[in-house]
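Pasting data.csv here (CSV, C-alpha atoms):
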```csv
chain,number,residue,atom,x,y,z
A,932,MET,CA,59.6,114.5,98.6
A,933,SER,CA,62.6,112.4,99.1
A,934,LEU,CA,65.7,112.4,96.9
A,935,GLU,CA,66.2,108.7,97.5
A,936,LYS,CA,65.4,106.6,94.5
A,937,LYS,CA,62.1,104.7,94.9
A,938,ASP,CA,62.8,101.6,93.0
A,939,GLU,CA,66.0,100.7,91.3
A,940,MET,CA,65.7,98.5,88.2
A,941,ASP,CA,67.3,95.1,88.6
A,942,HIS,CA,69.5,95.5,85.5
A,943,LYS,CA,71.7,92.4,86.2
A,944,GLY,CA,68.7,90.0,86.5
A,945,TRP,CA,67.1,91.6,83.5
A,946,MET,CA,70.2,91.2,81.3
A,947,LYS,CA,70.5,87.5,82.3
A,948,ARG,CA,67.0,86.8,81.2
A,949,LYS,CA,67.6,88.6,77.9
A,950,ASP,CA,69.3,86.8,75.0
A,951,LEU,CA,72.1,89.3,74.4
A,952,THR,CA,75.4,89.0,72.5
A,953,PRO,CA,78.6,89.5,74.5
A,954,VAL,CA,79.2,92.8,72.8
A,955,GLU,CA,75.7,94.0,73.8
A,956,THR,CA,76.2,92.8,77.4
A,957,THR,CA,79.5,94.6,77.7
A,958,PHE,CA,78.0,97.8,76.1
A,959,LEU,CA,75.0,97.8,78.5
A,960,THR,CA,77.1,96.9,81.5
A,961,ALA,CA,79.5,99.8,80.8
A,962,LEU,CA,76.7,102.3,80.2
A,963,ILE,CA,74.8,101.2,83.4
A,964,TRP,CA,78.1,101.5,85.3
A,965,MET,CA,78.5,105.1,84.1
A,966,ASP,CA,74.8,105.8,84.7
A,967,LYS,CA,75.1,104.8,88.4
A,968,ARG,CA,78.1,107.1,88.9
A,969,ILE,CA,77.2,110.1,86.6
A,970,ARG,CA,73.5,110.7,87.3
A,971,LEU,CA,73.0,112.6,84.1
A,972,VAL,CA,69.8,110.9,83.1
A,973,ASP,CA,68.2,111.7,86.5
A,974,TYR,CA,69.0,115.4,86.0
A,975,LEU,CA,67.7,115.3,82.5
A,976,GLU,CA,64.5,113.7,83.8
A,977,LEU,CA,64.2,116.5,86.4
A,978,LEU,CA,64.5,119.1,83.6
A,979,GLU,CA,61.9,117.2,81.5
A,980,ASN,CA,59.5,117.1,84.5
A,981,LEU,CA,60.1,120.8,85.1
A,982,TYR,CA,59.4,121.6,81.5
A,983,TYR,CA,56.0,119.9,81.5
A,984,LYS,CA,55.0,121.4,84.9
A,985,VAL,CA,55.9,124.9,83.8
A,986,ASN,CA,54.0,124.4,80.5
A,987,LEU,CA,50.9,123.3,82.5
A,988,GLN,CA,51.0,126.7,84.3
A,989,MET,CA,51.0,128.7,81.1
A,990,PRO,CA,47.8,130.3,80.0
A,991,LYS,CA,46.3,128.9,76.8
A,992,SER,CA,47.5,130.8,73.8
A,993,HIS,CA,45.2,132.3,71.2
A,994,THR,CA,45.8,129.4,68.8
A,995,GLU,CA,45.2,126.8,71.5
A,996,GLN,CA,42.1,128.5,72.7
A,997,TYR,CA,40.5,128.6,69.3
A,998,ASP,CA,42.1,125.5,68.0
A,999,LEU,CA,43.9,127.2,65.2
A,1000,ASP,CA,47.1,125.2,65.3
A,1001,ASN,CA,46.2,123.4,62.0
A,1002,LYS,CA,46.1,126.7,60.2
A,1003,PHE,CA,49.0,128.5,61.8
A,1004,TRP,CA,51.6,125.8,62.5
A,1005,TYR,CA,53.7,126.8,59.5
A,1006,TRP,CA,54.3,130.3,61.0
A,1007,TYR,CA,55.8,128.8,64.2
A,1008,PRO,CA,59.4,128.3,63.0
A,1009,LEU,CA,59.4,132.0,62.0
A,1010,TYR,CA,58.6,132.9,65.6
A,1011,ALA,CA,62.1,131.6,66.5
A,1012,LEU,CA,63.9,134.3,64.4
A,1013,GLY,CA,64.1,136.8,67.3
A,1014,SER,CA,65.7,134.3,69.6
A,1015,PHE,CA,67.9,133.2,66.7
A,1016,SER,CA,69.2,136.7,66.1
A,1017,THR,CA,69.8,137.2,69.9
A,1018,LEU,CA,71.8,133.9,69.9
A,1019,ALA,CA,73.9,135.1,66.9
A,1020,TYR,CA,74.5,138.4,68.7
A,1021,VAL,CA,75.8,136.5,71.8
A,1022,VAL,CA,78.1,134.3,69.6
A,1023,ALA,CA,79.4,137.4,67.8
A,1024,ALA,CA,80.0,139.2,71.2
A,1025,VAL,CA,81.9,136.3,72.6
A,1026,SER,CA,84.0,135.6,69.5
A,1027,GLY,CA,84.5,139.3,69.0
A,1028,ALA,CA,85.8,139.7,72.6
A,1029,LEU,CA,88.3,136.9,71.9
A,1030,LEU,CA,89.4,138.5,68.6
A,1031,GLY,CA,89.9,141.7,70.5
A,1032,PHE,CA,92.9,140.1,72.3
A,1033,TYR,CA,94.7,139.8,68.9
A,1034,TYR,CA,93.5,142.7,66.7
A,1035,ALA,CA,95.1,146.1,66.7
A,1036,PRO,CA,93.5,149.1,64.9
A,1037,ALA,CA,96.7,150.9,64.0
A,1038,GLN,CA,97.2,152.1,60.4
A,1039,THR,CA,101.0,152.5,60.6
A,1040,GLY,CA,103.3,150.4,58.5
A,1041,ASP,CA,102.9,148.9,55.1
A,1042,PRO,CA,100.8,146.9,55.1
A,1043,SER,CA,99.1,148.4,58.1
A,1044,THR,CA,99.2,147.0,61.6
A,1045,ALA,CA,95.4,146.3,61.4
A,1046,TYR,CA,95.8,144.2,58.2
A,1047,ASN,CA,98.9,142.4,59.7
A,1048,SER,CA,97.0,141.5,62.8
A,1049,ILE,CA,94.2,140.0,60.7
A,1050,THR,CA,96.9,138.0,58.7
A,1051,PHE,CA,98.3,136.9,62.1
A,1052,ILE,CA,94.9,135.7,63.3
A,1053,MET,CA,94.2,133.9,60.0
A,1054,THR,CA,97.5,132.2,59.5
A,1055,ASP,CA,99.5,131.9,62.7
A,1056,LEU,CA,97.1,131.9,65.6
A,1057,GLN,CA,95.8,128.4,66.4
A,1058,PHE,CA,92.0,128.4,66.0
A,1059,GLY,CA,92.3,132.0,64.7
A,1060,PHE,CA,90.8,131.1,61.3
A,1061,MET,CA,87.9,129.4,63.1
A,1062,LEU,CA,87.5,132.3,65.6
A,1063,ARG,CA,87.3,134.9,62.8
A,1064,SER,CA,85.0,132.8,60.7
A,1065,ILE,CA,82.7,132.3,63.6
A,1066,HIS,CA,82.6,136.1,64.2
A,1067,ARG,CA,81.9,136.8,60.5
A,1068,TRP,CA,79.3,134.1,60.1
A,1069,SER,CA,77.5,135.0,63.3
A,1070,ALA,CA,77.4,138.6,62.2
A,1071,GLN,CA,76.0,137.7,58.8
A,1072,VAL,CA,73.5,135.3,60.3
A,1073,MET,CA,72.4,138.0,62.7
A,1074,VAL,CA,71.7,140.5,59.9
A,1075,ALA,CA,69.8,137.9,58.0
A,1076,ALA,CA,67.8,136.7,61.0
A,1077,VAL,CA,67.0,140.3,62.2
A,1078,PHE,CA,65.7,141.1,58.7
A,1079,LEU,CA,63.6,137.9,58.5
A,1080,HIS,CA,62.3,138.6,62.0
A,1081,MET,CA,61.2,142.0,60.9
A,1082,LEU,CA,59.3,140.4,57.9
A,1083,ARG,CA,57.6,137.9,60.2
A,1084,VAL,CA,56.6,140.7,62.6
A,1085,TYR,CA,55.2,142.7,59.7
A,1086,PHE,CA,53.3,139.9,58.0
A,1087,THR,CA,51.7,138.5,61.2
A,1088,GLY,CA,50.7,142.0,62.1
A,1089,ALA,CA,52.6,141.8,65.4
A,1090,TYR,CA,53.6,145.5,65.1
A,1091,LYS,CA,50.0,146.6,65.7
A,1092,GLU,CA,48.7,148.3,68.9
A,1093,PRO,CA,49.8,148.0,71.7
A,1094,ARG,CA,53.2,147.0,70.3
A,1095,GLU,CA,54.1,150.1,68.2
A,1096,LEU,CA,56.9,151.2,70.5
A,1097,ASN,CA,58.7,147.9,70.2
A,1098,TRP,CA,58.3,148.0,66.4
A,1099,LEU,CA,60.1,151.4,66.4
A,1100,LEU,CA,62.7,150.1,68.7
A,1101,GLY,CA,63.2,147.2,66.3
A,1102,ILE,CA,63.7,149.6,63.4
A,1103,VAL,CA,66.5,151.3,65.5
A,1104,LEU,CA,68.0,147.9,66.3
A,1105,ILE,CA,68.1,146.7,62.7
A,1106,SER,CA,69.8,150.0,61.7
A,1107,LEU,CA,72.3,149.7,64.5
A,1108,THR,CA,72.9,146.0,63.5
A,1109,MET,CA,73.9,147.3,60.0
A,1110,VAL,CA,76.1,150.0,61.5
A,1111,PHE,CA,77.8,147.2,63.5
A,1112,GLY,CA,78.2,145.3,60.3
A,1113,TYR,CA,79.7,148.3,58.4
A,1114,THR,CA,82.1,149.3,61.1
A,1115,GLY,CA,83.3,145.7,61.4
A,1116,TYR,CA,83.7,145.5,57.7
A,1117,LEU,CA,86.2,148.3,57.7
A,1118,LEU,CA,88.4,146.9,60.5
A,1119,PRO,CA,90.5,144.5,58.4
A,1120,TRP,CA,91.7,147.5,56.5
A,1121,ASP,CA,92.2,145.5,53.3
A,1122,GLN,CA,91.1,146.7,49.8
A,1123,LEU,CA,87.5,145.7,50.4
A,1124,ALA,CA,87.4,147.6,53.7
A,1125,PHE,CA,89.2,150.7,52.3
A,1126,TRP,CA,86.9,151.1,49.3
A,1127,ALA,CA,83.8,150.4,51.4
A,1128,GLY,CA,85.1,153.2,53.6
A,1129,GLN,CA,85.6,155.5,50.6
A,1130,ILE,CA,82.0,154.8,49.6
A,1131,GLY,CA,80.9,155.7,53.1
A,1132,VAL,CA,82.8,159.0,53.0
A,1133,GLU,CA,81.3,159.9,49.7
A,1134,MET,CA,77.8,158.9,50.8
A,1135,SER,CA,78.1,161.2,53.8
A,1136,LEU,CA,79.4,164.1,51.7
A,1137,SER,CA,76.4,163.7,49.4
A,1138,ILE,CA,74.0,164.6,52.2
A,1139,PRO,CA,72.9,168.2,51.7
A,1140,LEU,CA,74.0,170.9,54.2
A,1141,ALA,CA,75.1,168.5,57.0
A,1142,GLY,CA,77.3,166.3,54.7
A,1143,GLU,CA,80.7,167.7,55.5
A,1144,TRP,CA,80.0,167.7,59.2
A,1145,ILE,CA,78.8,164.1,59.2
A,1146,ALA,CA,81.8,162.9,57.2
A,1147,GLN,CA,84.0,164.7,59.8
A,1148,LEU,CA,82.1,163.1,62.7
A,1149,LEU,CA,82.0,159.5,61.4
A,1150,PHE,CA,85.2,159.2,59.3
A,1151,GLY,CA,87.4,161.8,60.9
A,1152,GLY,CA,87.9,163.7,57.7
A,1153,PHE,CA,87.1,163.7,54.0
A,1154,THR,CA,89.7,161.1,53.1
A,1155,LEU,CA,90.4,157.8,54.8
A,1156,SER,CA,93.1,157.9,57.5
A,1157,GLN,CA,94.1,156.6,60.8
A,1158,ALA,CA,91.3,158.6,62.4
A,1159,THR,CA,88.7,156.7,60.3
A,1160,LEU,CA,90.0,153.3,61.4
A,1161,GLN,CA,90.2,154.5,65.1
A,1162,ARG,CA,86.6,155.7,64.9
A,1163,MET,CA,85.3,152.5,63.3
A,1164,TYR,CA,87.1,150.5,66.0
A,1165,ILE,CA,85.7,152.5,68.9
A,1166,LEU,CA,82.2,152.4,67.5
A,1167,HIS,CA,82.5,148.6,66.9
A,1168,VAL,CA,84.0,147.5,70.2
A,1169,PHE,CA,83.0,150.2,72.6
A,1170,LEU,CA,80.0,152.4,71.7
A,1171,LEU,CA,77.7,150.0,69.8
A,1172,PRO,CA,78.1,146.9,72.1
A,1173,PHE,CA,76.7,148.9,75.1
A,1174,VAL,CA,73.9,150.7,73.1
A,1175,VAL,CA,72.8,147.6,71.2
A,1176,THR,CA,72.9,145.3,74.2
A,1177,ALA,CA,70.8,147.8,76.3
A,1178,LEU,CA,68.3,148.2,73.4
A,1179,ILE,CA,68.0,144.4,72.9
A,1180,ALA,CA,67.4,144.0,76.7
A,1181,ILE,CA,64.6,146.6,76.5
A,1182,HIS,CA,63.2,145.0,73.3
A,1183,ILE,CA,63.0,141.6,74.9
A,1184,GLY,CA,61.8,143.0,78.2
A,1185,ILE,CA,58.8,144.7,76.4
A,1186,VAL,CA,58.0,141.3,74.7
A,1187,TRP,CA,58.2,139.7,78.1
A,1188,VAL,CA,55.8,142.2,79.6
A,1189,GLN,CA,53.4,142.3,76.6
A,1190,GLY,CA,53.5,138.7,75.7
A,1191,ILE,CA,54.0,137.2,72.2
A,1192,ALA,CA,51.6,138.6,69.6
A,1193,GLU,CA,49.4,135.8,68.4
A,1194,PRO,CA,48.7,135.5,64.7
A,1195,HIS,CA,45.2,136.8,63.9
B,215,MET,CA,57.4,85.5,56.5
B,216,THR,CA,58.2,86.1,60.2
B,217,PRO,CA,55.5,87.8,62.3
B,218,PRO,CA,56.3,91.4,63.1
B,219,PRO,CA,57.9,92.1,66.6
B,220,ASP,CA,55.4,92.4,69.4
B,221,ASP,CA,55.6,95.9,70.7
B,222,ALA,CA,53.2,95.4,73.5
B,223,ASP,CA,55.6,93.0,75.1
B,224,ASP,CA,56.6,93.9,78.6
B,225,ALA,CA,60.4,94.3,78.4
B,226,SER,CA,60.9,93.2,82.0
B,227,ARG,CA,59.3,89.8,81.3
B,228,ASP,CA,61.3,87.1,79.9
B,229,SER,CA,61.0,87.9,76.2
B,230,VAL,CA,62.7,86.5,73.2
B,231,GLU,CA,60.1,87.2,70.6
B,232,SER,CA,61.0,90.9,70.0
B,233,ASP,CA,64.7,90.4,70.2
B,234,GLY,CA,67.0,89.2,67.5
B,235,SER,CA,67.2,90.2,63.9
B,236,THR,CA,64.3,91.8,62.1
B,237,ALA,CA,63.3,91.0,58.5
B,238,ASP,CA,66.0,93.3,57.1
B,239,GLY,CA,68.8,91.7,59.2
B,240,HIS,CA,68.9,94.8,61.5
B,241,ARG,CA,69.3,93.6,65.1
B,242,ASP,CA,66.7,95.0,67.4
B,243,VAL,CA,66.6,94.8,71.2
B,244,VAL,CA,63.7,96.0,73.3
B,245,VAL,CA,64.8,97.5,76.7
B,246,PRO,CA,63.0,99.2,79.6
B,247,MET,CA,62.4,103.0,79.2
B,248,ARG,CA,64.9,104.0,81.9
B,249,LEU,CA,67.6,101.9,80.4
B,250,TYR,CA,66.8,103.3,76.9
B,251,LYS,CA,67.4,106.8,78.3
B,252,THR,CA,70.7,105.6,79.8
B,253,ILE,CA,71.7,104.2,76.4
B,254,THR,CA,70.7,107.2,74.4
B,255,VAL,CA,72.3,109.8,76.7
B,256,PHE,CA,75.6,108.0,77.3
B,257,SER,CA,76.1,106.5,73.9
B,258,THR,CA,75.6,109.9,72.3
B,259,LEU,CA,77.9,111.5,74.8
B,260,ILE,CA,80.6,108.9,74.2
B,261,ALA,CA,80.2,109.2,70.4
B,262,VAL,CA,80.5,113.0,70.5
B,263,VAL,CA,83.5,113.0,72.7
B,264,GLY,CA,85.1,110.2,70.7
B,265,VAL,CA,84.7,112.1,67.4
B,266,VAL,CA,85.9,115.5,68.9
B,267,VAL,CA,88.9,113.9,70.6
B,268,GLY,CA,89.6,112.1,67.3
B,269,PHE,CA,89.7,115.4,65.4
B,270,VAL,CA,91.9,116.9,68.1
B,271,LEU,CA,94.3,114.0,67.6
B,272,LEU,CA,94.2,114.4,63.8
B,273,ASP,CA,95.1,118.1,64.4
B,274,ALA,CA,98.0,117.1,66.6
B,275,ALA,CA,99.1,114.7,63.9
B,276,THR,CA,99.1,117.3,61.1
B,277,ILE,CA,99.6,120.7,62.7
B,278,ARG,CA,102.9,121.6,64.3
B,279,LEU,CA,101.4,124.4,66.4
B,280,SER,CA,98.8,122.0,68.0
B,281,LEU,CA,98.7,122.4,71.8
B,282,LEU,CA,98.3,118.6,72.2
B,283,ARG,CA,101.3,117.9,69.9
B,284,ARG,CA,103.5,120.4,71.8
B,285,LEU,CA,102.3,118.8,75.1
B,286,VAL,CA,103.2,115.3,73.9
B,287,VAL,CA,106.6,116.4,72.5
B,288,GLY,CA,107.2,118.2,75.8
B,289,LEU,CA,106.4,115.1,77.8
B,290,PHE,CA,108.7,113.0,75.7
B,291,ARG,CA,111.5,115.6,76.0
B,292,ALA,CA,111.0,115.6,79.8
B,293,VAL,CA,111.9,112.0,80.0
B,294,GLY,CA,114.8,112.5,77.6
B,295,VAL,CA,113.3,110.9,74.5
B,296,VAL,CA,113.1,112.8,71.2
B,297,PRO,CA,110.4,111.0,69.0
B,298,PRO,CA,110.9,111.2,65.2
B,299,SER,CA,108.3,113.7,63.8
B,300,THR,CA,106.9,111.3,61.3
B,301,LEU,CA,106.5,108.5,63.8
B,302,LEU,CA,104.7,110.8,66.2
B,303,SER,CA,102.4,112.0,63.3
B,304,GLY,CA,101.6,108.5,62.3
B,305,ALA,CA,100.8,107.4,65.9
B,306,LEU,CA,98.6,110.4,66.5
B,307,ALA,CA,96.8,110.0,63.2
B,308,VAL,CA,96.1,106.3,63.9
B,309,ALA,CA,94.9,107.2,67.4
B,310,GLY,CA,92.7,109.9,66.0
B,311,LEU,CA,91.1,107.7,63.4
B,312,ALA,CA,90.6,104.9,66.0
B,313,SER,CA,88.9,107.4,68.3
B,314,ILE,CA,86.5,108.5,65.6
B,315,ALA,CA,85.8,104.9,64.7
B,316,PHE,CA,85.2,104.1,68.3
B,317,GLY,CA,82.7,106.9,68.7
B,318,ALA,CA,80.9,105.9,65.5
B,319,GLY,CA,80.9,102.3,66.7
B,320,VAL,CA,79.4,103.2,70.1
B,321,TYR,CA,76.7,105.3,68.4
B,322,VAL,CA,75.8,102.5,65.9
B,323,LEU,CA,75.7,100.0,68.8
B,324,GLY,CA,73.3,102.3,70.6
B,325,THR,CA,70.9,102.4,67.8
B,326,ARG,CA,69.9,98.7,68.0
B,327,PHE,CA,68.2,99.3,71.4
B,328,ARG,CA,64.7,100.7,71.6
B,329,ALA,CA,62.0,101.0,74.3
B,330,ARG,CA,58.6,99.4,74.0
B,331,GLY,CA,56.3,101.0,71.4
B,332,MET,CA,59.2,102.7,69.6
B,333,GLY,CA,59.3,100.5,66.6
B,334,ASN,CA,60.3,101.5,63.1
B,335,PRO,CA,57.1,102.9,61.6
B,336,GLN,CA,57.5,100.7,58.6
B,337,GLU,CA,57.6,97.6,60.7
B,338,ASP,CA,54.7,98.8,62.8
B,339,ALA,CA,52.5,99.3,59.8
B,340,ASP,CA,49.3,97.2,59.7
B,341,GLU,CA,49.8,95.9,56.2
B,342,SER,CA,53.1,94.2,55.3
B,343,SER,CA,55.0,95.3,52.3
B,344,ASN,CA,55.0,92.8,49.5
B,345,ASP,CA,57.4,94.9,47.4
B,346,GLY,CA,54.7,96.5,45.3
```

Kindly return the structure encoded in the file as structure tokens.
Amino acid sequence: MSLEKKDEMDHKGWMKRKDLTPVETTFLTALIWMDKRIRLVDYLELLENLYYKVNLQMPKSHTEQYDLDNKFWYWYPLYALGSFSTLAYVVAAVSGALLGFYYAPAQTGDPSTAYNSITFIMTDLQFGFMLRSIHRWSAQVMVAAVFLHMLRVYFTGAYKEPRELNWLLGIVLISLTMVFGYTGYLLPWDQLAFWAGQIGVEMSLSIPLAGEWIAQLLFGGFTLSQATLQRMYILHVFLLPFVVTALIAIHIGIVWVQGIAEPH
Amino acid sequence: MTPPPDDADDASRDSVESDGSTADGHRDVVVPMRLYKTITVFSTLIAVVGVVVGFVLLDAATIRLSLLRRLVVGLFRAVGVVPPSTLLSGALAVAGLASIAFGAGVYVLGTRFRARGMGNPQEDADESSNDG
């Protein structure tokens, strides 16, 4: 196969034959000039070609084989929710890493350093408002998408044998997603965060026998303090990212190996 | 009543019948497929860049912290000119709006071209509308 173009369209001759207005001729000449120099369309055509050729290599899916598309097509958008939550996770990770350059989890000062750093990001940092909004929205989208993904898996029966392990892994992941959300919720250290933290401490303390130990472990005491904020911060930016990323990789890896569960 | 445009027309042949205005006054030019791809890819790209650059310029016109504004002010300072803040804002705002308008214009211009067989479904319908 040669990379040389087989036949080049005679654009100039074609344009002369057409009855075009001066604006159209200028427009087309400019675009053709760019097309000759920036061969974007050629690369897109390569991708298009690749897409069709890869598709031809794929085995027929259950729905194709038994011609069930007319019955199941309305489920298909819901099959995108797993990818959608992964995408939201990646967006949250990137925006969170950038926020990490500006956020400080210290509780000293009045108002606290943590709250002041949020105020700085929201009011003084250029694109800071946008960055924090992207982080918040992607986090909330991820929680919603993960939940709807779980509903889709449940109602299409995709959790059934031989996929039980991945279902359990999914339960762990949705729980960790919510821990991610909760720890991130406390980081601004404003009124909302503080009282959400208070609720967390009291919920821990309400657990029989192990309650006090759990409150100590998670919140660093029975009342909110610098230790609480420090723990939430380390959970949010150090522990959870590694654990959740690894589990998502395994979760997707198992889907890769087992294939998508077809609706039955 | 003009006859509907002939979609089977080979665009590389000399053709006038499918060009020109359609019944609703919307101009419609049939182009070869490869050229259609060029038009779609590049006019969309130019439109997106035009609008984004327009908003960056509007930011520079209205936000003192804007990187672009600081760059422009810095460049003027380097050659020993201190532009009045209001004049600079005005010029940047006009440039921003012009850039957005340019992007929109390029996009709209791109929509009048189509490849063979890509007619408006309403125009391609067998029966013609007689308004009820």

task = Provide the CA of Ile963 in chain A to CA of Arg948 in chain A distance in Å, to one decimal place.
result = 16.5 Å

ask   = Could you work out how far CA of Val1072 in chain A lies from CA of Thr994 in chain A, giving the answer in Å with one decimal?
value =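 CA of Thr994 in chain A sits 29.6 Å away from CA of Val1072 in chain A.
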
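Distances to Met247 in chain B were evaluated for A:Glu1133, A:Glu1092, A:Asp1000, A:Glu976 using only C-alpha atoms, and the minimum falls at A:Glu976.
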
request  = State, in Å with one decimal place, the distance from CA of Leu981 in chain A to CA of Thr254 in chain B.
outcome  = 20.3 Å

remark   = From the list A:Phe1058, A:Trp1144, A:Tyr1034, A:Phe1086, the nearest residue to chain B using all atoms listed in the file is A:Phe1058

inquiry  = So that I can check the surroundings of range 313-322 of chain B, please list as a ChimeraX atom specification every protein, DNA and RNA residue that reaches within 12 Å of it, counting only C-alpha atoms and ignoring chain neighbours fewer than 5 positions away.
reply    = /A:954-955,957-959,961-962 /B:240-242,253-272,306-308,327

inquiry  = Quick one: residues within 12 Å of Leu1166 in chain A, all atoms listed in the file, excluding same-chain residues fewer than 4 positions away - as a ChimeraX atom specification?
reply    = /A:1107-1108,1110-1115,1117-1118,1148-1150,1159-1162,1170-1175

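In terms of minimum interatomic distance to chain B, A:Leu1056 ranks closest within A:Met1081, A:Leu1029, A:Leu1056, A:Leu978, counting only C-alpha atoms.
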
12 Å contacts from chain A to chain B using all atoms listed in the file, as a tab-separated table (two decimals) with C-alpha atoms, keeping the file's coordinate frame:
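Listing of result14.tsv after writing:
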```
chain	number	residue	atom	x	y	z
A	938	ASP	CA	62.80	101.60	93.00
A	939	GLU	CA	66.00	100.70	91.30
A	940	MET	CA	65.70	98.50	88.20
A	941	ASP	CA	67.30	95.10	88.60
A	942	HIS	CA	69.50	95.50	85.50
A	943	LYS	CA	71.70	92.40	86.20
A	944	GLY	CA	68.70	90.00	86.50
A	945	TRP	CA	67.10	91.60	83.50
A	946	MET	CA	70.20	91.20	81.30
A	947	LYS	CA	70.50	87.50	82.30
A	948	ARG	CA	67.00	86.80	81.20
A	949	LYS	CA	67.60	88.60	77.90
A	950	ASP	CA	69.30	86.80	75.00
A	951	LEU	CA	72.10	89.30	74.40
A	952	THR	CA	75.40	89.00	72.50
A	954	VAL	CA	79.20	92.80	72.80
A	955	GLU	CA	75.70	94.00	73.80
A	956	THR	CA	76.20	92.80	77.40
A	957	THR	CA	79.50	94.60	77.70
A	958	PHE	CA	78.00	97.80	76.10
A	959	LEU	CA	75.00	97.80	78.50
A	960	THR	CA	77.10	96.90	81.50
A	961	ALA	CA	79.50	99.80	80.80
A	962	LEU	CA	76.70	102.30	80.20
A	963	ILE	CA	74.80	101.20	83.40
A	964	TRP	CA	78.10	101.50	85.30
A	965	MET	CA	78.50	105.10	84.10
A	966	ASP	CA	74.80	105.80	84.70
A	967	LYS	CA	75.10	104.80	88.40
A	968	ARG	CA	78.10	107.10	88.90
A	969	ILE	CA	77.20	110.10	86.60
A	970	ARG	CA	73.50	110.70	87.30
A	971	LEU	CA	73.00	112.60	84.10
A	972	VAL	CA	69.80	110.90	83.10
A	973	ASP	CA	68.20	111.70	86.50
A	974	TYR	CA	69.00	115.40	86.00
A	975	LEU	CA	67.70	115.30	82.50
A	976	GLU	CA	64.50	113.70	83.80
A	1054	THR	CA	97.50	132.20	59.50
A	1055	ASP	CA	99.50	131.90	62.70
A	1056	LEU	CA	97.10	131.90	65.60
A	1057	GLN	CA	95.80	128.40	66.40
A	1058	PHE	CA	92.00	128.40	66.00
A	1059	GLY	CA	92.30	132.00	64.70
```

Serialized range 987-991 of chain A w/ all heavy atoms as a CSV table (one decimal), in the first residue's frame:
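Writing the result to selection_3.csv gives the following:
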```csv
chain,number,residue,atom,x,y,z
A,987,LEU,N,-15.7,-5.1,11.7
A,987,LEU,CA,-15.9,-6.4,10.9
A,987,LEU,C,-15.3,-7.6,11.6
A,987,LEU,O,-15.7,-8.7,11.4
A,987,LEU,CB,-15.4,-6.2,9.5
A,987,LEU,CG,-16.2,-5.3,8.5
A,987,LEU,CD1,-15.5,-5.2,7.2
A,987,LEU,CD2,-17.6,-5.9,8.3
A,988,GLN,N,-14.2,-7.4,12.4
A,988,GLN,CA,-13.5,-8.5,13.0
A,988,GLN,C,-14.3,-8.9,14.3
A,988,GLN,O,-14.0,-10.0,14.8
A,988,GLN,CB,-12.1,-8.0,13.4
A,988,GLN,CG,-11.3,-7.6,12.3
A,988,GLN,CD,-11.0,-8.7,11.3
A,988,GLN,OE1,-10.8,-9.8,11.7
A,988,GLN,NE2,-11.2,-8.4,10.0
A,989,MET,N,-15.2,-8.1,14.8
A,989,MET,CA,-15.9,-8.5,16.0
A,989,MET,C,-16.9,-9.6,15.8
A,989,MET,O,-17.5,-9.7,14.8
A,989,MET,CB,-16.7,-7.3,16.6
A,989,MET,CG,-15.8,-6.1,17.0
A,989,MET,SD,-14.9,-6.5,18.5
A,989,MET,CE,-14.0,-5.0,18.7
A,990,PRO,N,-17.0,-10.5,16.8
A,990,PRO,CA,-18.0,-11.5,16.7
A,990,PRO,C,-19.4,-10.9,16.8
A,990,PRO,O,-19.5,-9.8,17.4
A,990,PRO,CB,-17.7,-12.4,17.9
A,990,PRO,CG,-17.0,-11.5,18.9
A,990,PRO,CD,-16.2,-10.6,18.1
A,991,LYS,N,-20.4,-11.6,16.2
A,991,LYS,CA,-21.7,-11.1,16.3
A,991,LYS,C,-22.2,-11.1,17.8
A,991,LYS,O,-21.9,-12.1,18.5
A,991,LYS,CB,-22.7,-12.0,15.5
A,991,LYS,CG,-22.8,-11.5,14.1
A,991,LYS,CD,-23.9,-12.3,13.4
A,991,LYS,CE,-24.1,-11.8,12.0
A,991,LYS,NZ,-25.2,-12.5,11.3
```
